[in-house]
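Following: one structure in structure tokens, then a few remarks.
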Amino acid sequence: MLEIKNLHARIAEDGTEIIRGLNLTVKAGEVAAIMGPNGSGKSTLSYILAGRDDYEVTEGDILYNGESILELDPSERAAKGIFLAFQYPVEIPGVATMQFLKVAMNEQRKARGEDELTTPDFIKRVKDAAATLQIDPAMLRRPLNVGFSGGEKKRAEILQMKLLAPQLCVLDETDSGLDIDALKIVSGGVNALRSPDRAIIVITHYQRLLEYIVPDSVHVLHRGQVIKSGDKDLARVLEAEGYTGIVEAAA
Amino acid sequence: MNIQTKPPHTVAEQGILDSYAQMMGQLPGDAPVTAARDKLLGAFSAAGLPTRRIESWHYTDLRNLLRALPGAASGAAQRTDPVVRGSVVLPLIQGQSAEASTPEGMDLTPFIDLLASGEAAKMLVARDADDLVGRLNGTFVADGYRLTVAADQAIKELVEIQSVQSGGQVHNRFDASFGAKSSATVIERHLGDEAHPGLSTAITTLELGDGAEVTWIILQDCGVEDQRLAQLNTRLGAGATLKVYVVNVGGKLVRQELNVDVAGEGAHFDLRCVNLLAGDSHTDITLTLDHNVPNTTSKEIVRTVVLDRARGVFQGQIRVAQIAQKTDAQMSCNTLLLSDGGEFAAKPELEIFADDVICGHGATVIDINHDHLFYLMARGVTEKSARALLINGFVDELIEELENEELIEALETHIAQWLIDHG
């Protein structure tokens with residue numbers, strides 16, 4: 001589903017290279033975990049996948065279902081089924097959550113040539129999805145993410161993911177700032193979305209999240225490259241021994 | 001010997017003098033009214049249109065901006081649906097009052113009757129030496145409405161003063177008084193005609209008795225070539241609450257003055273102003289706000305969206321008298337500047353003579369937030385829609401403070417339409 005080939009990317013503003021020849025393949029149905037120390041390029045990779053224009057790809061390619069997505073803007077990528085759950089979801093005052101959800105769902109449907117949702121159908125979908133994530137409907141009447149706690153913001157991200165039903169989900173440190181109860185709810189939401197035709201990339205610092213969302217593959221990112229790949233046991237090794245050993249072995 | 005020569009009248013100034021000569025005998029009013037008009041015109045003739053040398057007009061060089069007067073009225077103006085369905089409409093077609101149903105609990109008098117009877121003569125005065133709007137409007141005012149709400153009356157129905165203009169000149173007065181503990185919501189709406197540019201002036205006077213609660217919404221929906229000079233003067237009694245909304249979505253040259261006297265203890269004044277500016281328009285909001293007694297509060301928020309080569313101005317002056325202890329006055333002015341050719345000038349002023357007060361002001365000028373845009377687009381919202389959502393959100397925040405859901409929806413629809421037209 002996703003094939004990243006020899007990707008090089010830098011910060012557009014100052015030319016600092018962050019991703020330096022990254023290769024990664026994720027198949028449909030797979031849950032891939034990306035781990036790595038601070039500054040290894042994990043969040044940058046998630047932004048590049050989503051199409052943020054603060055980064056420039058200088059070499060290599062990203063193929064999604066066999067097609068390069070480098071020329072697509074973020075909304076076109078989203079319409080094709082790529083979803084990024086943000087590490088820090090932004091608060092947008094003045095934009096009502098429900099209005100935003102409706103616009104987002106309908107614009108994606110429109111881009112795929114589907115009919116817009118009727119209002120009752122839309123409301124029912126939101127209510128059902130919110131209930132499974134234990135989201136208080138009062139929260140949805142507020143402006144987007146405004147005044148939400150850290151845990152509420154992460155749950156709202158998973159709610160959007162559920163409603164938009166993407167094919168490729170990228171979760172950027174979804175566990176940061178979550179207490180253990182919220183972590184269980186969020187992981188439950190993600191696990192419910194596991195399916196043979198969907199791929200999920202989980203970016204995290206810690207092995208803790210992977211106790212709840214058990215990955216099929218684990219990849220270690222360092223200085224903008226995947227330096228080691230393995231199965232879920234690799235995450236346990238990292239938790240026990242830290243990144244130093246693997247980094248030194250790769251050097 | 002020192003000879004001072006006054007500059008000759010500009011084309012527009014001469015046009016104003018000529019208009020008065022042509023209307024001799026046609027403007028309503030008895031002898032005192034006519035004398036008041038003559039006096040105001042004399043003062044206008046001597047001073048002319050204000051230039052940037054006059055401090056209160058520094059950012060709106062009217063002599064330069066008001067180049068010519070419009071042609072005659074087209075005769076095409078006609079009543080339209082109110083902003084909120086079911087409102088009681090007080091029509092002004094090309095500036096003239098027409099038959100109106102009176103909202104329950106309100107007394108209504110066409111202003112032309114007050115001119116004819118001479119009762120209006122004492123109202124035809126300028127506020128000060130630089131009060132161009134007072135002079136012009138007082139010279140030419142032909143009609144409008146007086147609204148009177150008795151004490152303890154709650155006006156349930158929404159009232160819409162609907163002024164529709166198609167070219168020519170329109171000069172109106174709205175004189176409203178609200179008795180103690182009364183309440184009402186009034187929309188003062190001015191509509192122009194894209195095809196026929198016009199000039200209009202309006203002076204609105206709101207007198208709030210003790211404990212009165214009033215929401216007054218000025219919806220300026222002029223044509224793109226219209227010129228409009230408006231003034232709102234108000235005085236708040238003890239414990240009164242006045243919310244003024246100003247929504248500017250049209251006009252080539254617009255000046256809205258507000259002069260607020262918070263005169264009774266415990267009174268609260270709110271201003272929420274939304275300016276949507278495009279083309280090469282010039283829009284000026286000028287506020288003077290006096291806290292004259294202890295324990296009063298006020299809050300002003302001005303939000304402006306600037307496109308194209310449009311220019312906006314906000315002058316906000318808060319004056320706190322020495323006895324007005326415990327005043328809490330907050331003023332902010334936020335501008336979304338979306339083009340390189342656009343301009344916005346903000347001039348907040350605080351003049352405080354009391355020592356135990358909280359007063360603050362802030363001004364920001366920003367572009368669309370890049371992080372917000374990326375977030376929305378990452379959810380599949382196209383760039384155009386995402387920008388529209390964010391611009392809408394920036395101004396809708398103020399509209400949503402209103403308590404009437406239908407009114408919120410109607411105003412937000414108006415704003416959304418403007419963005420679609422100019423997006």
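Ordered as shown in the structure tokens, chains take letters A, B, and onward, while each chain numbers its residues from 1 and ligands are numbered from 1 in the order shown.
Using only C-alpha atoms, we find that the part of chain B lying within 8 Å of chain A comprises Asp371, His372, Phe374, Tyr375, Leu376, Met377, Ala378, Arg379, Gly380, Val381, Thr382, Glu383, Leu389, Leu390, Asn392, Gly393, Phe394, Val395, Asp396 and Glu397 of chain B.
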So that I can see what lies close to segment 115-119 of chain B, please list as number ranges by chain the residues with an atom at most 7 Å from it, counting only C-alpha atoms and leaving out residues fewer than 6 positions away in the same chain. B: 28-30, 32-33
Leaving out Ile62 of chain A and any residue of its chain fewer than 6 positions from it, which residues lie within 8 Å of it when counting only C-alpha atoms, given as a short mmCIF file (atom, residue, chain, number, x, y, z; two decimals) with all heavy atoms, in the first residue's frame?
```cif
data_model
loop_
_atom_site.label_atom_id
_atom_site.label_comp_id
_atom_site.auth_asym_id
_atom_site.auth_seq_id
_atom_site.Cartn_x
_atom_site.Cartn_y
_atom_site.Cartn_z
N LEU A 2 1.88 1.24 0.87
CA LEU A 2 2.78 2.40 0.94
C LEU A 2 4.21 1.94 0.70
O LEU A 2 4.68 0.97 1.31
CB LEU A 2 2.69 3.07 2.31
CG LEU A 2 3.62 4.27 2.50
CD1 LEU A 2 3.11 5.47 1.71
CD2 LEU A 2 3.76 4.64 3.97
N GLU A 3 4.87 2.65 -0.21
CA GLU A 3 6.25 2.31 -0.51
C GLU A 3 7.06 3.61 -0.54
O GLU A 3 6.83 4.47 -1.37
CB GLU A 3 6.28 1.64 -1.89
CG GLU A 3 7.33 0.56 -2.01
CD GLU A 3 7.29 -0.05 -3.40
OE1 GLU A 3 6.17 -0.16 -3.97
OE2 GLU A 3 8.35 -0.38 -3.92
N ILE A 4 7.96 3.72 0.43
CA ILE A 4 8.82 4.91 0.46
C ILE A 4 10.19 4.48 -0.01
O ILE A 4 10.78 3.55 0.54
CB ILE A 4 8.90 5.49 1.89
CG1 ILE A 4 7.49 5.83 2.41
CG2 ILE A 4 9.77 6.74 1.91
CD1 ILE A 4 7.46 6.30 3.85
N LYS A 5 10.67 5.17 -1.08
CA LYS A 5 11.92 4.74 -1.71
C LYS A 5 12.97 5.83 -1.64
O LYS A 5 12.78 6.91 -2.18
CB LYS A 5 11.66 4.46 -3.20
CG LYS A 5 10.83 3.23 -3.48
CD LYS A 5 10.74 3.16 -5.00
CE LYS A 5 9.96 1.99 -5.50
NZ LYS A 5 9.73 2.14 -6.95
N LEU A 7 13.97 8.12 0.22
CA LEU A 7 13.41 9.48 0.39
C LEU A 7 14.42 10.40 1.07
O LEU A 7 15.00 10.07 2.11
CB LEU A 7 12.13 9.40 1.23
CG LEU A 7 11.33 10.69 1.32
CD1 LEU A 7 10.65 11.01 0.00
CD2 LEU A 7 10.28 10.59 2.43
N LEU A 49 4.32 12.67 4.70
CA LEU A 49 3.28 11.78 4.16
C LEU A 49 1.98 12.53 3.95
O LEU A 49 1.26 12.34 2.98
CB LEU A 49 3.06 10.59 5.10
CG LEU A 49 4.15 9.52 5.11
CD1 LEU A 49 3.92 8.51 6.22
CD2 LEU A 49 4.22 8.81 3.75
N SER A 68 2.70 7.80 -7.27
CA SER A 68 3.42 8.82 -6.50
C SER A 68 2.45 9.88 -5.99
O SER A 68 1.56 10.34 -6.72
CB SER A 68 4.48 9.49 -7.38
OG SER A 68 5.05 10.57 -6.66
N ILE A 69 2.61 10.25 -4.73
CA ILE A 69 1.70 11.27 -4.18
C ILE A 69 2.42 12.61 -3.97
O ILE A 69 1.84 13.55 -3.45
CB ILE A 69 1.09 10.82 -2.82
CG1 ILE A 69 2.20 10.48 -1.82
CG2 ILE A 69 0.13 9.67 -3.01
CD1 ILE A 69 1.70 10.33 -0.39
N LEU A 70 3.66 12.70 -4.42
CA LEU A 70 4.45 13.89 -4.10
C LEU A 70 3.84 15.18 -4.65
O LEU A 70 4.01 16.25 -4.08
CB LEU A 70 5.89 13.74 -4.61
CG LEU A 70 6.73 12.67 -3.90
CD1 LEU A 70 8.13 12.62 -4.49
CD2 LEU A 70 6.78 12.95 -2.40
#
```
Can you measure atom CA of Gln325 of chain B to atom CA of Ile358 of chain B for me? One decimal in Å is fine. 9.3 Å
Using Å and a single decimal, report how far atom CA of Ile19 of chain A sits from atom CA of Thr58 of chain A. 9.7 Å
Nearest to Leu72 of chain A among A:Ala165, A:Asn23, A:Val220, A:Ile48, with distances taken over only C-alpha atoms: which residue is it?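 The answer is A:Ile48, which sits nearest to Leu72 of chain A.
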Need to verify the contact set: Leu168 of chain A, 6 Å, only C-alpha atoms, exclusion of same-chain residues closer than 6 positions in sequence. Can you return it as number ranges by chain? A: 82, 198-200
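Note that the spacing between atom CA of Ile352 of chain B and atom CA of Arg319 of chain B amounts to 5.8 Å.
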Which of segment 46-295 of chain B DSSP labels strand (DSSP E), written as a PyMOL selection string: chain B and resi 88-93+96-97+106-110+143-149+159-164+168-178+183-191+198-208+213-221+227-236+241-248+253-262+268-277+282-291
Nearest-residue call for Ile227 of chain A, choices A:Glu241, A:Asp175, A:Glu248, A:Glu59, using only C-alpha atoms: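 Of A:Glu241, A:Asp175, A:Glu248, A:Glu59, the one nearest Ile227 of chain A is A:Glu248, counting only C-alpha atoms.
Nearest residue to Pro91 of chain B among B:Ala77, B:Leu206, B:Leu69, B:Val214 is B:Ala77, counting only C-alpha atoms.
Residues within 10 Å of His422 of chain B, counting only C-alpha atoms and excluding same-chain residues fewer than 6 positions away, are B:Leu276, B:Leu277, B:Ala278, B:Gly279, B:Leu307, B:Asp308, B:Ala416.
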Pull all heavy atoms from the residues just selected and write them as a JSON list (two decimals), in the first residue's frame.
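File written: again-v3.json
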```
[["chain", "number", "residue", "atom", "x", "y", "z"],
["B", 276, "LEU", "N", -15.86, 43.48, 6.47],
["B", 276, "LEU", "CA", -15.39, 42.65, 5.36],
["B", 276, "LEU", "C", -15.08, 43.60, 4.21],
["B", 276, "LEU", "O", -15.99, 44.18, 3.62],
["B", 276, "LEU", "CB", -16.45, 41.62, 4.97],
["B", 276, "LEU", "CG", -16.94, 40.72, 6.09],
["B", 276, "LEU", "CD1", -18.03, 39.77, 5.59],
["B", 276, "LEU", "CD2", -15.80, 39.91, 6.70],
["B", 277, "LEU", "N", -13.79, 43.78, 3.92],
["B", 277, "LEU", "CA", -13.39, 44.83, 3.00],
["B", 277, "LEU", "C", -12.72, 44.26, 1.75],
["B", 277, "LEU", "O", -11.83, 43.43, 1.85],
["B", 277, "LEU", "CB", -12.41, 45.79, 3.70],
["B", 277, "LEU", "CG", -12.81, 46.26, 5.11],
["B", 277, "LEU", "CD1", -11.78, 47.24, 5.64],
["B", 277, "LEU", "CD2", -14.19, 46.88, 5.13],
["B", 278, "ALA", "N", -13.17, 44.75, 0.59],
["B", 278, "ALA", "CA", -12.60, 44.27, -0.67],
["B", 278, "ALA", "C", -12.53, 45.42, -1.66],
["B", 278, "ALA", "O", -12.94, 46.55, -1.35],
["B", 278, "ALA", "CB", -13.44, 43.12, -1.22],
["B", 279, "GLY", "N", -12.01, 45.11, -2.84],
["B", 279, "GLY", "CA", -11.93, 46.13, -3.89],
["B", 279, "GLY", "C", -10.99, 47.24, -3.47],
["B", 279, "GLY", "O", -9.99, 47.01, -2.81],
["B", 307, "LEU", "N", -9.16, 42.36, 1.89],
["B", 307, "LEU", "CA", -8.77, 41.75, 0.62],
["B", 307, "LEU", "C", -8.38, 42.86, -0.37],
["B", 307, "LEU", "O", -8.64, 44.04, -0.11],
["B", 307, "LEU", "CB", -9.94, 40.97, 0.01],
["B", 307, "LEU", "CG", -10.59, 39.85, 0.83],
["B", 307, "LEU", "CD1", -11.78, 39.28, 0.06],
["B", 307, "LEU", "CD2", -9.61, 38.75, 1.12],
["B", 308, "ASP", "N", -7.83, 42.47, -1.48],
["B", 308, "ASP", "CA", -7.55, 43.39, -2.59],
["B", 308, "ASP", "C", -6.74, 44.61, -2.15],
["B", 308, "ASP", "O", -5.75, 44.48, -1.48],
["B", 308, "ASP", "CB", -8.86, 43.81, -3.27],
["B", 308, "ASP", "CG", -9.71, 42.62, -3.66],
["B", 308, "ASP", "OD1", -9.13, 41.56, -3.95],
["B", 308, "ASP", "OD2", -10.95, 42.75, -3.67],
["B", 416, "ALA", "N", -20.97, 34.54, 4.98],
["B", 416, "ALA", "CA", -20.52, 33.45, 4.12],
["B", 416, "ALA", "C", -20.72, 33.83, 2.64],
["B", 416, "ALA", "O", -19.86, 33.56, 1.79],
["B", 416, "ALA", "CB", -21.26, 32.16, 4.45]]
```
Spatial neighbours of Thr204 of chain A, 9 Å, only C-alpha atoms, chain gap at least 5 places, as a PyMOL selection string: chain A and resi 33-36+42+171-176+209-210
Excluding segment 270-275 of chain B and any residue of its chain fewer than 5 positions from it, enumerate the residues within 6 Å of it, using only C-alpha atoms, and give them as an mmCIF file with C-alpha atoms, in the first residue's frame.
```
data_model
loop_
_atom_site.group_PDB
_atom_site.id
_atom_site.type_symbol
_atom_site.label_atom_id
_atom_site.label_comp_id
_atom_site.auth_asym_id
_atom_site.auth_seq_id
_atom_site.Cartn_x
_atom_site.Cartn_y
_atom_site.Cartn_z
ATOM 1 C CA LYS B 243 -24.855 45.719 22.659
ATOM 2 C CA VAL B 244 -24.037 47.385 19.376
ATOM 3 C CA TYR B 245 -23.104 45.267 16.397
ATOM 4 C CA VAL B 246 -21.694 46.898 13.302
ATOM 5 C CA VAL B 247 -21.416 44.667 10.256
ATOM 6 C CA ASN B 248 -19.899 46.305 7.167
ATOM 7 C CA SER B 298 -17.362 48.050 28.392
ATOM 8 C CA LYS B 299 -15.883 45.691 25.842
ATOM 9 C CA GLU B 300 -15.178 46.381 22.186
ATOM 10 C CA ILE B 301 -13.959 43.850 19.631
ATOM 11 C CA VAL B 302 -13.357 44.881 16.034
ATOM 12 C CA ARG B 303 -12.563 42.133 13.515
ATOM 13 C CA THR B 304 -11.663 43.054 9.975
#
```
DSSP says alpha helix (DSSP H) for which residues of segment 13-199 of chain A? Put them as a count of residues only? 76
Choose the residue, out of B:Asn137, B:Ser182, B:Thr148, B:Ser74, that has the smallest atom-to-atom separation from His196 of chain B; count only C-alpha atoms.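 Using only C-alpha atoms, the shortest distance to His196 of chain B belongs to B:Ser74.
Minimum atom-to-atom distances from B:Glu13, B:Ile161, B:Leu65, B:Arg127 to Arg311 of chain B were compared using only C-alpha atoms, and the lowest value belongs to B:Leu65.
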